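A.B. asks: Here you go, upload00.cif (mmCIF, C-alpha atoms):
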data_input
#
loop_
_atom_site.label_atom_id
_atom_site.label_comp_id
_atom_site.auth_asym_id
_atom_site.auth_seq_id
_atom_site.Cartn_x
_atom_site.Cartn_y
_atom_site.Cartn_z
CA MET R 1 -28.22 25.19 36.84
CA ASP R 2 -27.54 21.70 35.61
CA ALA R 3 -24.08 20.10 35.47
CA GLY R 4 -23.53 21.18 31.88
CA GLY R 5 -23.87 24.84 32.70
CA ARG R 6 -27.35 25.38 31.29
CA ARG R 7 -29.65 27.52 33.39
CA THR R 8 -32.99 25.87 33.92
CA PHE R 9 -35.02 29.08 33.61
CA LYS R 10 -33.37 30.00 30.31
CA GLU R 11 -31.76 27.86 27.68
CA ARG R 12 -28.56 29.88 27.45
CA LEU R 13 -25.22 28.38 28.43
CA SER R 14 -23.53 29.87 31.44
CA HIS R 15 -19.78 29.67 31.96
CA SER R 16 -17.92 29.70 35.25
CA GLN R 17 -14.74 28.11 36.51
CA ASP R 18 -16.85 25.51 38.31
CA ASN R 19 -18.66 24.20 35.25
CA VAL R 20 -16.46 24.94 32.25
CA TYR R 21 -12.83 25.47 33.13
CA ASN R 22 -10.82 22.78 34.88
CA ASN R 23 -12.96 19.98 33.46
CA PHE R 24 -9.99 18.17 31.97
CA PRO R 25 -6.85 17.55 33.98
CA TRP R 26 -3.92 19.60 32.77
CA PRO R 27 -1.25 17.36 31.25
CA GLU R 28 2.25 16.93 32.56
CA THR R 29 4.12 19.71 30.81
CA THR R 30 7.54 21.20 30.64
CA GLU R 31 8.10 24.56 32.29
CA ALA R 32 8.40 26.07 28.81
CA GLN R 33 5.04 24.62 27.69
CA ARG R 34 3.30 25.89 30.81
CA ALA R 35 4.88 29.32 30.49
CA LYS R 36 3.84 29.53 26.83
CA SER R 37 0.25 28.58 27.66
CA GLU R 38 0.12 31.12 30.48
CA ARG R 39 1.67 33.84 28.31
CA THR R 40 -0.78 33.27 25.46
CA ALA R 41 -3.74 33.20 27.87
CA ARG R 42 -2.66 36.53 29.36
CA GLU R 43 -2.32 37.94 25.84
CA ILE R 44 -6.00 37.14 25.19
CA LEU R 45 -6.95 39.19 28.24
CA GLU R 46 -4.65 42.04 27.19
CA VAL R 47 -6.13 42.14 23.69
CA ARG R 48 -9.66 42.19 25.11
CA LYS R 49 -8.72 45.27 27.14
CA ARG R 50 -8.15 47.10 23.85
CA TYR R 51 -11.90 46.97 23.25
CA PRO R 52 -13.46 48.39 26.43
CA GLN R 53 -16.66 49.43 24.66
CA SER R 54 -17.26 45.93 23.26
CA SER R 55 -19.24 43.22 24.99
CA LEU R 56 -18.05 39.62 24.93
CA ALA R 57 -20.79 38.95 22.40
CA ASP R 58 -19.31 41.66 20.19
CA LEU R 59 -15.74 40.43 20.64
CA TYR R 60 -16.61 36.81 19.94
CA ASP R 61 -18.92 37.32 16.99
CA GLU R 62 -17.70 34.76 14.45
CA ILE R 63 -17.65 37.28 11.61
CA ALA R 64 -16.72 40.51 13.40
CA MET R 65 -14.16 39.17 15.90
CA PRO R 66 -11.18 41.54 15.97
CA TYR R 67 -8.21 40.15 14.08
CA ASP R 68 -5.79 40.58 16.99
CA LEU R 69 -8.13 38.71 19.34
CA ARG R 70 -8.54 35.88 16.84
CA GLN R 71 -4.75 35.66 16.51
CA ALA R 72 -4.31 35.64 20.30
CA HIS R 73 -6.76 32.75 20.58
CA ARG R 74 -5.04 30.85 17.80
CA ALA R 75 -1.71 31.22 19.59
CA ASN R 76 -3.25 30.02 22.85
CA ASP R 77 -5.01 27.11 21.14
CA ALA R 78 -1.71 26.04 19.59
CA ALA R 79 0.15 26.28 22.90
CA VAL R 80 -2.48 24.23 24.73
CA MET R 81 -2.72 21.63 21.97
CA ARG R 82 1.06 21.19 22.04
CA ALA R 83 1.00 20.89 25.84
CA TYR R 84 -1.47 18.01 25.49
CA GLY R 85 0.68 16.45 22.80
CA PHE R 86 -2.01 16.97 20.17
CA GLU R 87 -1.44 18.11 16.62
CA VAL R 88 -2.35 21.78 16.27
CA SER R 89 -4.46 20.93 13.20
CA LEU R 90 -6.60 18.42 15.13
CA SER R 91 -10.33 18.93 14.56
CA GLU R 92 -12.47 20.05 17.47
CA SER R 93 -14.39 16.78 17.53
CA GLU R 94 -11.19 14.71 17.53
CA CYS R 95 -9.74 16.91 20.26
CA VAL R 96 -12.82 16.40 22.45
CA LYS R 97 -12.68 12.66 21.78
CA ARG R 98 -9.05 12.49 22.88
CA LEU R 99 -9.71 14.61 25.95
CA LEU R 100 -12.57 12.32 26.97
CA GLU R 101 -10.41 9.24 26.42
CA ARG R 102 -7.69 10.83 28.55
CA TYR R 103 -10.21 11.69 31.27
CA LYS R 104 -11.63 8.16 31.33
CA LYS R 105 -8.15 6.69 31.61
CA LEU R 106 -7.22 9.02 34.47
CA THR R 107 -10.44 8.25 36.35
CA GLY R 108 -10.29 4.49 35.73
CA GLN R 109 -13.39 4.48 33.54
CA ASP R 110 -11.80 2.92 30.47
#
Translate this file's structure into structure tokens.

C.D. replies:
Amino acid sequence: MDAGGRRTFKERLSHSQDNVYNNFPWPETTEAQRAKSERTAREILEVRKRYPQSSLADLYDEIAMPYDLRQAHRANDAAVMRAYGFEVSLSESECVKRLLERYKKLTGQD
């Protein structure tokens, strides 16, 4: 598998905590911000348990995603964006840009 999480024998992305999560340092947060992010992340897992017969592909289908799961992700997205000090309405591309700028600054690459 290459560093981006793409398996060399197939062109599908693979996710694990080593190649997807923890890529960006978590910001300095208040206890309340951290608790909110943790609570909303746990809620995603709880909602997913409501659909034991569904695969992740089923649950995360852009059109058929269950409403409660979509809402749980929106709540988590908002909590994480606020923890980073980003506007909740920030576009994905602008968010990635800011995260990369933050990473470069933290690693002395700016």

A.B. asks: Pick the closest to Val88 in chain R from R:Ser54, R:Ala75, R:Pro27, R:Leu100: which is it, counting all atoms listed in the file?

C.D. replies: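 With all atoms listed in the file as the atom set, the closest residue is R:Ala75.
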
A.B. asks: Counting all atoms listed in the file, select every polymer residue within 12 Å of (-0.7, 38.6, 18.7) as defined in the file's coordinates, and provide the selection as a count of residues only.

C.D. replies: 21

A.B. asks: With the file shown as input, list the residues that the PyMOL selection byres ((chain R and resi 85) around 12) selects, as an mmCIF file with C-alpha atoms, keeping the file's coordinate frame.

C.D. replies:
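Dumped everything to part14.cif:
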data_model
loop_
_atom_site.group_PDB
_atom_site.id
_atom_site.type_symbol
_atom_site.label_atom_id
_atom_site.label_comp_id
_atom_site.auth_asym_id
_atom_site.auth_seq_id
_atom_site.Cartn_x
_atom_site.Cartn_y
_atom_site.Cartn_z
ATOM 1 C CA TRP R 26 -3.920 19.600 32.770
ATOM 2 C CA PRO R 27 -1.250 17.360 31.250
ATOM 3 C CA GLU R 28 2.250 16.930 32.560
ATOM 4 C CA THR R 29 4.120 19.710 30.810
ATOM 5 C CA THR R 30 7.540 21.200 30.640
ATOM 6 C CA GLN R 33 5.040 24.620 27.690
ATOM 7 C CA ALA R 78 -1.710 26.040 19.590
ATOM 8 C CA ALA R 79 0.150 26.280 22.900
ATOM 9 C CA VAL R 80 -2.480 24.230 24.730
ATOM 10 C CA MET R 81 -2.720 21.630 21.970
ATOM 11 C CA ARG R 82 1.060 21.190 22.040
ATOM 12 C CA ALA R 83 1.000 20.890 25.840
ATOM 13 C CA TYR R 84 -1.470 18.010 25.490
ATOM 14 C CA PHE R 86 -2.010 16.970 20.170
ATOM 15 C CA GLU R 87 -1.440 18.110 16.620
ATOM 16 C CA VAL R 88 -2.350 21.780 16.270
ATOM 17 C CA SER R 89 -4.460 20.930 13.200
ATOM 18 C CA LEU R 90 -6.600 18.420 15.130
ATOM 19 C CA CYS R 95 -9.740 16.910 20.260
ATOM 20 C CA ARG R 98 -9.050 12.490 22.880
ATOM 21 C CA LEU R 99 -9.710 14.610 25.950
ATOM 22 C CA ARG R 102 -7.690 10.830 28.550
#

A.B. asks: Go through R:Gln109, R:Asp77, R:Glu62, R:Ser93 and flag the residue nearest Glu38 in chain R, using only C-alpha atoms for the distances.

C.D. replies: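 Looking at the shortest contact to Glu38 in chain R, the residue is R:Asp77.
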
A.B. asks: Please, what distance in Å, to one decimal, runs between CA of Pro25 in chain R and CA of Gly108 in chain R?

C.D. replies: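 The value is 13.6 Å.
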
A.B. asks: What is the CA of Met65 in chain R-CA of Glu92 in chain R distance in Å, reported with one decimal?

C.D. replies: 19.3 Å

A.B. asks: To one decimal in Å, tell me the separation between CA of Ser91 in chain R and CA of Ser55 in chain R.

C.D. replies: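 Value for the CA of Ser91 in chain R-CA of Ser55 in chain R distance: 27.9 Å.
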